[in-house]
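Source file: coords-v4.cif (mmCIF, N, CA and C atoms)
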data_start
#
loop_
_atom_site.label_atom_id
_atom_site.label_comp_id
_atom_site.auth_asym_id
_atom_site.auth_seq_id
_atom_site.Cartn_x
_atom_site.Cartn_y
_atom_site.Cartn_z
N MET S 1 -41.66 92.68 -20.29
CA MET S 1 -41.12 93.72 -21.14
C MET S 1 -42.16 94.83 -21.29
N PRO S 2 -41.77 96.07 -21.00
CA PRO S 2 -42.74 97.17 -21.08
C PRO S 2 -43.16 97.46 -22.51
N VAL S 3 -44.22 98.25 -22.63
CA VAL S 3 -44.74 98.61 -23.94
C VAL S 3 -43.80 99.61 -24.60
N SER S 4 -43.42 99.36 -25.84
CA SER S 4 -42.52 100.24 -26.58
C SER S 4 -43.33 101.12 -27.55
N PRO S 5 -42.71 102.18 -28.06
CA PRO S 5 -43.43 103.00 -29.05
C PRO S 5 -43.86 102.20 -30.28
N GLU S 6 -43.03 101.25 -30.70
CA GLU S 6 -43.39 100.43 -31.86
C GLU S 6 -44.61 99.57 -31.57
N ASP S 7 -44.67 99.03 -30.34
CA ASP S 7 -45.84 98.24 -29.95
C ASP S 7 -47.11 99.08 -29.95
N LEU S 8 -46.99 100.30 -29.40
CA LEU S 8 -48.14 101.19 -29.35
C LEU S 8 -48.63 101.54 -30.75
N ILE S 9 -47.71 101.83 -31.65
CA ILE S 9 -48.08 102.16 -33.04
C ILE S 9 -48.79 100.97 -33.68
N GLY S 10 -48.27 99.77 -33.45
CA GLY S 10 -48.93 98.57 -33.99
C GLY S 10 -50.34 98.41 -33.47
N LEU S 11 -50.52 98.64 -32.17
CA LEU S 11 -51.85 98.55 -31.57
C LEU S 11 -52.79 99.61 -32.15
N LEU S 12 -52.29 100.83 -32.28
CA LEU S 12 -53.10 101.90 -32.85
C LEU S 12 -53.45 101.62 -34.31
N ALA S 13 -52.53 101.02 -35.05
CA ALA S 13 -52.81 100.67 -36.45
C ALA S 13 -53.93 99.64 -36.53
N ILE S 14 -53.94 98.69 -35.61
CA ILE S 14 -55.00 97.68 -35.59
C ILE S 14 -56.34 98.34 -35.27
N ILE S 15 -56.35 99.22 -34.27
CA ILE S 15 -57.59 99.90 -33.87
C ILE S 15 -58.13 100.75 -35.02
N THR S 16 -57.26 101.50 -35.68
CA THR S 16 -57.73 102.39 -36.74
C THR S 16 -58.11 101.64 -38.01
N SER S 17 -57.52 100.48 -38.25
CA SER S 17 -57.90 99.72 -39.45
C SER S 17 -59.32 99.19 -39.33
N GLU S 18 -59.77 98.94 -38.11
CA GLU S 18 -61.15 98.49 -37.90
C GLU S 18 -62.15 99.60 -38.19
N GLN S 19 -61.74 100.85 -38.00
CA GLN S 19 -62.64 101.99 -38.17
C GLN S 19 -62.57 102.62 -39.57
N LYS S 20 -61.59 102.26 -40.37
CA LYS S 20 -61.42 102.76 -41.74
C LYS S 20 -61.17 104.27 -41.79
N TYR S 21 -60.35 104.78 -40.89
CA TYR S 21 -59.98 106.19 -40.92
C TYR S 21 -58.95 106.43 -42.00
N GLN S 22 -58.95 107.66 -42.55
CA GLN S 22 -57.98 108.05 -43.56
C GLN S 22 -57.43 109.43 -43.23
N VAL S 23 -56.17 109.64 -43.59
CA VAL S 23 -55.52 110.93 -43.44
C VAL S 23 -55.50 111.58 -44.82
N THR S 24 -56.01 112.81 -44.91
CA THR S 24 -56.00 113.50 -46.20
C THR S 24 -54.94 114.58 -46.16
N ASP S 25 -54.28 114.73 -47.27
CA ASP S 25 -53.22 115.73 -47.41
C ASP S 25 -53.72 116.79 -48.38
N THR S 26 -53.98 117.98 -47.87
CA THR S 26 -54.46 119.06 -48.73
C THR S 26 -53.46 120.20 -48.73
N HIS S 27 -53.45 120.93 -49.80
CA HIS S 27 -52.50 122.04 -49.97
C HIS S 27 -53.28 123.33 -50.22
N ARG S 28 -54.09 123.74 -49.26
CA ARG S 28 -54.93 124.92 -49.43
C ARG S 28 -54.13 126.20 -49.55
N VAL S 29 -53.11 126.34 -48.73
CA VAL S 29 -52.32 127.58 -48.75
C VAL S 29 -51.60 127.73 -50.08
N ARG S 30 -51.01 126.64 -50.56
CA ARG S 30 -50.32 126.70 -51.85
C ARG S 30 -51.30 127.02 -52.97
N GLY S 31 -52.51 126.47 -52.92
CA GLY S 31 -53.52 126.76 -53.93
C GLY S 31 -53.93 128.23 -53.92
N GLY S 32 -54.08 128.79 -52.74
CA GLY S 32 -54.41 130.21 -52.64
C GLY S 32 -53.29 131.08 -53.18
N LEU S 33 -52.05 130.70 -52.93
CA LEU S 33 -50.92 131.47 -53.45
C LEU S 33 -50.86 131.40 -54.98
N ILE S 34 -51.07 130.22 -55.52
CA ILE S 34 -51.06 130.07 -56.98
C ILE S 34 -52.13 130.94 -57.61
N THR S 35 -53.33 130.91 -57.06
CA THR S 35 -54.43 131.71 -57.59
C THR S 35 -54.13 133.20 -57.49
N GLY S 36 -53.66 133.63 -56.33
CA GLY S 36 -53.36 135.05 -56.13
C GLY S 36 -52.25 135.57 -57.02
N ILE S 37 -51.19 134.79 -57.16
CA ILE S 37 -50.07 135.21 -58.00
C ILE S 37 -50.48 135.28 -59.46
N SER S 38 -51.21 134.27 -59.92
CA SER S 38 -51.60 134.28 -61.34
C SER S 38 -52.60 135.41 -61.62
N ALA S 39 -53.49 135.70 -60.67
CA ALA S 39 -54.42 136.82 -60.87
C ALA S 39 -53.67 138.15 -60.89
N THR S 40 -52.67 138.30 -60.04
CA THR S 40 -51.87 139.52 -60.01
C THR S 40 -51.09 139.70 -61.30
N VAL S 41 -50.45 138.64 -61.76
CA VAL S 41 -49.70 138.72 -63.01
C VAL S 41 -50.64 139.02 -64.18
N GLY S 42 -51.79 138.36 -64.20
CA GLY S 42 -52.76 138.63 -65.25
C GLY S 42 -53.26 140.06 -65.21
N GLY S 43 -53.49 140.59 -64.01
CA GLY S 43 -53.94 141.97 -63.87
C GLY S 43 -52.90 142.97 -64.32
N VAL S 44 -51.65 142.71 -64.01
CA VAL S 44 -50.56 143.61 -64.42
C VAL S 44 -50.37 143.58 -65.94
N CYS S 45 -50.44 142.39 -66.50
CA CYS S 45 -50.19 142.25 -67.94
C CYS S 45 -51.40 142.63 -68.79
N GLY S 46 -52.60 142.32 -68.32
CA GLY S 46 -53.76 142.50 -69.19
C GLY S 46 -54.85 143.39 -68.65
N GLY S 47 -54.61 144.07 -67.54
CA GLY S 47 -55.64 144.94 -66.99
C GLY S 47 -56.77 144.12 -66.38
N PRO S 48 -57.99 144.68 -66.40
CA PRO S 48 -59.13 144.00 -65.78
C PRO S 48 -59.44 142.63 -66.40
N VAL S 49 -59.31 142.54 -67.72
CA VAL S 49 -59.57 141.25 -68.39
C VAL S 49 -58.48 140.25 -68.00
N GLY S 50 -57.25 140.71 -67.93
CA GLY S 50 -56.14 139.84 -67.53
C GLY S 50 -56.29 139.35 -66.10
N LEU S 51 -56.85 140.21 -65.25
CA LEU S 51 -57.09 139.82 -63.87
C LEU S 51 -58.08 138.66 -63.80
N VAL S 52 -59.14 138.75 -64.58
CA VAL S 52 -60.14 137.69 -64.60
C VAL S 52 -59.55 136.40 -65.17
N VAL S 53 -58.85 136.54 -66.30
CA VAL S 53 -58.25 135.35 -66.94
C VAL S 53 -57.19 134.74 -66.02
N GLY S 54 -56.36 135.58 -65.42
CA GLY S 54 -55.34 135.07 -64.50
C GLY S 54 -55.94 134.36 -63.31
N GLY S 55 -57.02 134.92 -62.77
CA GLY S 55 -57.71 134.28 -61.65
C GLY S 55 -58.31 132.94 -62.04
N LEU S 56 -58.90 132.87 -63.23
CA LEU S 56 -59.48 131.61 -63.71
C LEU S 56 -58.41 130.55 -63.94
N VAL S 57 -57.35 130.96 -64.62
CA VAL S 57 -56.26 130.00 -64.90
C VAL S 57 -55.60 129.57 -63.60
N GLY S 58 -55.32 130.52 -62.70
CA GLY S 58 -54.69 130.19 -61.43
C GLY S 58 -55.57 129.32 -60.55
N GLY S 59 -56.86 129.63 -60.51
CA GLY S 59 -57.79 128.82 -59.73
C GLY S 59 -57.89 127.40 -60.26
N SER S 60 -57.92 127.27 -61.58
CA SER S 60 -57.98 125.93 -62.19
C SER S 60 -56.71 125.15 -61.90
N LEU S 61 -55.57 125.82 -62.05
CA LEU S 61 -54.29 125.18 -61.79
C LEU S 61 -54.20 124.77 -60.31
N ALA S 62 -54.63 125.65 -59.41
CA ALA S 62 -54.59 125.34 -57.99
C ALA S 62 -55.50 124.16 -57.64
N ALA S 63 -56.66 124.10 -58.26
CA ALA S 63 -57.58 122.99 -58.01
C ALA S 63 -56.99 121.68 -58.51
N TRP S 64 -56.34 121.74 -59.65
CA TRP S 64 -55.73 120.53 -60.21
C TRP S 64 -54.54 120.08 -59.37
N LYS S 65 -53.68 121.01 -58.96
CA LYS S 65 -52.48 120.68 -58.18
C LYS S 65 -52.82 120.34 -56.73
N GLY S 66 -53.90 120.88 -56.22
CA GLY S 66 -54.22 120.73 -54.81
C GLY S 66 -55.18 119.62 -54.48
N LYS S 67 -55.37 118.67 -55.39
CA LYS S 67 -56.25 117.55 -55.08
C LYS S 67 -55.74 116.84 -53.84
N SER S 68 -56.65 116.52 -52.94
CA SER S 68 -56.22 115.85 -51.72
C SER S 68 -56.06 114.36 -51.99
N THR S 69 -55.08 113.79 -51.33
CA THR S 69 -54.85 112.36 -51.43
C THR S 69 -55.16 111.75 -50.08
N ALA S 70 -55.87 110.66 -50.07
CA ALA S 70 -56.25 109.99 -48.83
C ALA S 70 -55.39 108.75 -48.62
N ILE S 71 -54.82 108.66 -47.43
CA ILE S 71 -53.99 107.52 -47.05
C ILE S 71 -54.67 106.85 -45.87
N PRO S 72 -54.79 105.53 -45.87
CA PRO S 72 -55.37 104.86 -44.69
C PRO S 72 -54.54 105.20 -43.45
N LEU S 73 -55.22 105.47 -42.35
CA LEU S 73 -54.54 105.90 -41.13
C LEU S 73 -53.59 104.83 -40.61
N ASP S 74 -53.97 103.57 -40.72
CA ASP S 74 -53.06 102.52 -40.24
C ASP S 74 -51.76 102.50 -41.05
N GLN S 75 -51.84 102.75 -42.35
CA GLN S 75 -50.63 102.83 -43.18
C GLN S 75 -49.80 104.05 -42.79
N TYR S 76 -50.47 105.19 -42.55
CA TYR S 76 -49.76 106.39 -42.14
C TYR S 76 -49.00 106.15 -40.83
N LEU S 77 -49.66 105.49 -39.88
CA LEU S 77 -49.02 105.22 -38.59
C LEU S 77 -47.80 104.33 -38.74
N MET S 78 -47.87 103.34 -39.61
CA MET S 78 -46.74 102.44 -39.80
C MET S 78 -45.58 103.13 -40.53
N ASP S 79 -45.86 104.20 -41.25
CA ASP S 79 -44.82 104.89 -42.03
C ASP S 79 -44.15 106.05 -41.30
N ILE S 80 -44.64 106.43 -40.12
CA ILE S 80 -44.03 107.58 -39.45
C ILE S 80 -42.66 107.23 -38.91
N ASN S 81 -41.82 108.25 -38.78
CA ASN S 81 -40.44 108.01 -38.36
C ASN S 81 -40.33 107.78 -36.85
N LYS S 82 -39.12 107.44 -36.41
CA LYS S 82 -38.90 107.06 -35.02
C LYS S 82 -39.18 108.21 -34.05
N GLU S 83 -38.82 109.44 -34.43
CA GLU S 83 -39.05 110.58 -33.55
C GLU S 83 -40.55 110.84 -33.36
N GLN S 84 -41.32 110.72 -34.44
CA GLN S 84 -42.76 110.91 -34.34
C GLN S 84 -43.40 109.80 -33.51
N ARG S 85 -42.89 108.58 -33.65
CA ARG S 85 -43.40 107.47 -32.84
C ARG S 85 -43.15 107.72 -31.35
N GLN S 86 -41.96 108.19 -31.05
CA GLN S 86 -41.62 108.46 -29.66
C GLN S 86 -42.48 109.59 -29.10
N ALA S 87 -42.69 110.65 -29.89
CA ALA S 87 -43.52 111.77 -29.44
C ALA S 87 -44.96 111.31 -29.22
N MET S 88 -45.48 110.49 -30.10
CA MET S 88 -46.84 109.97 -29.95
C MET S 88 -46.92 109.07 -28.71
N PHE S 89 -45.87 108.29 -28.48
CA PHE S 89 -45.83 107.42 -27.31
C PHE S 89 -45.86 108.24 -26.02
N GLU S 90 -45.08 109.31 -25.98
CA GLU S 90 -45.06 110.18 -24.79
C GLU S 90 -46.43 110.84 -24.57
N TYR S 91 -47.08 111.22 -25.67
CA TYR S 91 -48.40 111.85 -25.59
C TYR S 91 -49.43 110.89 -25.03
N MET S 92 -49.30 109.60 -25.35
CA MET S 92 -50.31 108.62 -24.97
C MET S 92 -49.89 107.74 -23.80
N LYS S 93 -48.73 108.02 -23.22
CA LYS S 93 -48.20 107.17 -22.16
C LYS S 93 -49.15 107.07 -20.96
N TYR S 94 -49.84 108.15 -20.66
CA TYR S 94 -50.73 108.13 -19.49
C TYR S 94 -51.84 107.10 -19.65
N LEU S 95 -52.29 106.85 -20.88
CA LEU S 95 -53.33 105.83 -21.09
C LEU S 95 -52.80 104.44 -20.76
N ILE S 96 -51.56 104.19 -21.13
CA ILE S 96 -50.94 102.90 -20.83
C ILE S 96 -50.80 102.74 -19.31
N GLU S 97 -50.36 103.82 -18.64
CA GLU S 97 -50.19 103.76 -17.19
C GLU S 97 -51.54 103.58 -16.48
N GLU S 98 -52.59 104.24 -16.98
CA GLU S 98 -53.92 104.10 -16.37
C GLU S 98 -54.50 102.70 -16.56
N SER S 99 -54.10 102.03 -17.63
CA SER S 99 -54.63 100.69 -17.86
C SER S 99 -53.97 99.65 -16.96
N LYS S 100 -52.88 100.01 -16.28
CA LYS S 100 -52.20 99.15 -15.29
C LYS S 100 -51.78 97.81 -15.86
N VAL S 101 -51.13 97.87 -17.01
CA VAL S 101 -50.57 96.66 -17.61
C VAL S 101 -49.06 96.80 -17.66
N GLN S 102 -48.39 95.66 -17.69
CA GLN S 102 -46.92 95.67 -17.65
C GLN S 102 -46.27 95.40 -19.00
N ASN S 103 -47.02 94.81 -19.93
CA ASN S 103 -46.42 94.49 -21.23
C ASN S 103 -47.44 94.66 -22.35
N PHE S 104 -46.94 94.51 -23.56
CA PHE S 104 -47.78 94.74 -24.74
C PHE S 104 -48.89 93.70 -24.87
N VAL S 105 -48.59 92.46 -24.56
CA VAL S 105 -49.60 91.41 -24.69
C VAL S 105 -50.80 91.70 -23.78
N ALA S 106 -50.52 92.11 -22.55
CA ALA S 106 -51.61 92.44 -21.63
C ALA S 106 -52.38 93.67 -22.10
N LEU S 107 -51.66 94.68 -22.62
CA LEU S 107 -52.33 95.88 -23.13
C LEU S 107 -53.21 95.54 -24.32
N ASN S 108 -52.69 94.74 -25.23
CA ASN S 108 -53.45 94.34 -26.41
C ASN S 108 -54.72 93.59 -26.00
N ALA S 109 -54.61 92.68 -25.04
CA ALA S 109 -55.77 91.92 -24.58
C ALA S 109 -56.79 92.84 -23.91
N LYS S 110 -56.30 93.79 -23.11
CA LYS S 110 -57.21 94.68 -22.41
C LYS S 110 -57.95 95.60 -23.38
N VAL S 111 -57.23 96.12 -24.37
CA VAL S 111 -57.86 96.99 -25.36
C VAL S 111 -58.87 96.21 -26.20
N ALA S 112 -58.54 94.96 -26.51
CA ALA S 112 -59.45 94.14 -27.32
C ALA S 112 -60.75 93.82 -26.58
N THR S 113 -60.69 93.73 -25.26
CA THR S 113 -61.88 93.35 -24.51
C THR S 113 -62.62 94.54 -23.90
N ASP S 114 -61.96 95.68 -23.77
CA ASP S 114 -62.57 96.85 -23.13
C ASP S 114 -62.87 97.91 -24.20
N ALA S 115 -64.12 98.02 -24.59
CA ALA S 115 -64.51 98.96 -25.65
C ALA S 115 -64.27 100.41 -25.24
N ASP S 116 -64.43 100.73 -23.96
CA ASP S 116 -64.21 102.09 -23.49
C ASP S 116 -62.73 102.47 -23.60
N LEU S 117 -61.85 101.55 -23.24
CA LEU S 117 -60.41 101.82 -23.35
C LEU S 117 -60.00 101.98 -24.82
N LYS S 118 -60.56 101.15 -25.69
CA LYS S 118 -60.28 101.26 -27.12
C LYS S 118 -60.73 102.61 -27.66
N ARG S 119 -61.91 103.06 -27.23
CA ARG S 119 -62.43 104.35 -27.65
C ARG S 119 -61.53 105.48 -27.16
N ARG S 120 -61.05 105.37 -25.93
CA ARG S 120 -60.17 106.40 -25.38
C ARG S 120 -58.85 106.47 -26.16
N PHE S 121 -58.26 105.31 -26.48
CA PHE S 121 -57.03 105.30 -27.28
C PHE S 121 -57.28 105.97 -28.63
N LEU S 122 -58.41 105.64 -29.25
CA LEU S 122 -58.73 106.22 -30.56
C LEU S 122 -58.94 107.72 -30.47
N GLU S 123 -59.67 108.18 -29.45
CA GLU S 123 -59.92 109.62 -29.29
C GLU S 123 -58.62 110.40 -29.05
N VAL S 124 -57.75 109.87 -28.21
CA VAL S 124 -56.48 110.55 -27.93
C VAL S 124 -55.61 110.57 -29.19
N LEU S 125 -55.60 109.48 -29.93
CA LEU S 125 -54.83 109.44 -31.19
C LEU S 125 -55.35 110.49 -32.16
N LEU S 126 -56.66 110.55 -32.36
CA LEU S 126 -57.23 111.52 -33.30
C LEU S 126 -56.96 112.94 -32.84
N CYS S 127 -57.04 113.19 -31.55
CA CYS S 127 -56.73 114.51 -31.01
C CYS S 127 -55.27 114.86 -31.29
N TYR S 128 -54.37 113.92 -31.06
CA TYR S 128 -52.94 114.15 -31.32
C TYR S 128 -52.70 114.48 -32.79
N LEU S 129 -53.30 113.71 -33.67
CA LEU S 129 -53.09 113.92 -35.11
C LEU S 129 -53.64 115.27 -35.56
N LYS S 130 -54.78 115.66 -35.02
CA LYS S 130 -55.41 116.92 -35.44
C LYS S 130 -54.75 118.13 -34.82
N VAL S 131 -54.39 118.05 -33.54
CA VAL S 131 -53.86 119.21 -32.83
C VAL S 131 -52.35 119.33 -33.01
N GLU S 132 -51.62 118.27 -32.73
CA GLU S 132 -50.15 118.35 -32.75
C GLU S 132 -49.59 118.30 -34.17
N LEU S 133 -50.10 117.39 -34.99
CA LEU S 133 -49.56 117.23 -36.35
C LEU S 133 -50.36 118.01 -37.41
N ARG S 134 -51.51 118.55 -37.01
CA ARG S 134 -52.39 119.32 -37.89
C ARG S 134 -52.76 118.54 -39.16
N LEU S 135 -53.16 117.30 -38.96
CA LEU S 135 -53.60 116.47 -40.07
C LEU S 135 -55.13 116.45 -40.11
N ASN S 136 -55.65 116.24 -41.29
CA ASN S 136 -57.09 116.12 -41.47
C ASN S 136 -57.42 114.62 -41.53
N VAL S 137 -58.18 114.14 -40.54
CA VAL S 137 -58.52 112.73 -40.46
C VAL S 137 -60.00 112.59 -40.74
N VAL S 138 -60.36 111.71 -41.69
CA VAL S 138 -61.76 111.48 -42.05
C VAL S 138 -62.07 109.99 -41.91
N GLU S 139 -63.35 109.70 -41.69
CA GLU S 139 -63.77 108.31 -41.58
C GLU S 139 -64.33 107.81 -42.87
#

I need this file expressed as structure tokens, please.
Amino acid sequence: MPVSPEDLIGLLAIITSEQKYQVTDTHRVRGGLITGISATVGGVCGGPVGLVVGGLVGGSLAAWKGKSTAIPLDQYLMDINKEQRQAMFEYMKYLIEESKVQNFVALNAKVATDADLKRRFLEVLLCYLKVELRLNVVE
């Protein structure tokens, strides 16, 4: 039985759980908009003093609302939908083909014993998450 997207996600979750990677969700753009809008409203309503107060209040509100939340990468991988799993599988399919295995059990054994192959899977996954999904991944 060939390797399925679900099998690949499970393997990637195992690899990333060993490394303790986390995906952070930040809302920088929304925070900048909150700060800018509140400073503008403060400036219109209160002049120069209102601009300062609006900027302070907006910046504080943006900092409070924009706190980043960290999710373990293995949990994130298990929670992605079927379309994202398929897209990730297509992105990483060449690694499976290069490893010359026919099923998931053989792939799992090869990745477990070959540190270079495990590193390559991890690097391609991190590249996919950062470039295609624009996620911030931290160790």

Which residues, written as a PyMOL selection string, have at least one atom at most 6.5 Å from region 55-58 of chain S, with only N, CA and C atoms counted and residues fewer than 3 positions away on the same chain left out? chain S and resi 34-36+38-40+42+50-52+61-63

List as a list of chain:residue names the protein and nucleic acid residues near Gln19 (chain S), meaning an atom at most 10 Å away when only C-alpha atoms are counted, but skip any in the same chain fewer than 4 places from it. S:Ile14, S:Ile15, S:Leu73, S:Asp74, S:Leu122, S:Glu139

Can you translate the PyMOL selection byres (((chain S and resi 125 and name CA) around 12) and name CA) into the concrete residues it hits in this file, as a PyMOL selection string? chain S and resi 8-9+11-13+15-16+21+73-74+77+85+87-93+95+118-124+126-133+135+137

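A straight line drawn from CA of Arg134 (chain S) to atom N of Val23 (chain S) is 11.9 Å long.
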
Please define a box with edges along x, y and z of the file around all atoms of region 83-97 of chain S given in the file, extend it by 6 Å on each side, and return its centre and edge lengths in Å to one decimal, as JSON.
{"center_x": -46.1, "center_y": 107.3, "center_z": -25.5, "size_x": 26.5, "size_y": 21.1, "size_z": 30.0}

On this structure, which residues satisfy the PyMOL selection byres (((chain S and resi 3 and name CA) around 9) and name CA), written as a ChimeraX atom specification? /S:1-2,4-8,96,101-105,107

I need the alpha helix (DSSP H) residues of region 32-119 of chain S per DSSP on the backbone, written as number ranges by chain. S: 32-65, 73-79, 82-98, 104-113, 115-119

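For the pair CA of Asp116 (chain S) and atom N of Ser99 (chain S), the separation is 11.7 Å.
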
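For the atom pair formed by CA of Tyr94 (chain S) and CA of Leu117 (chain S), the distance is 12.2 Å, given to one decimal.
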
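If only N, CA and C atoms are the atoms counted, then among S:Gly46, S:Pro72, S:Gly59, S:Gly54 the closest residue to Ser17 (chain S) is S:Pro72.
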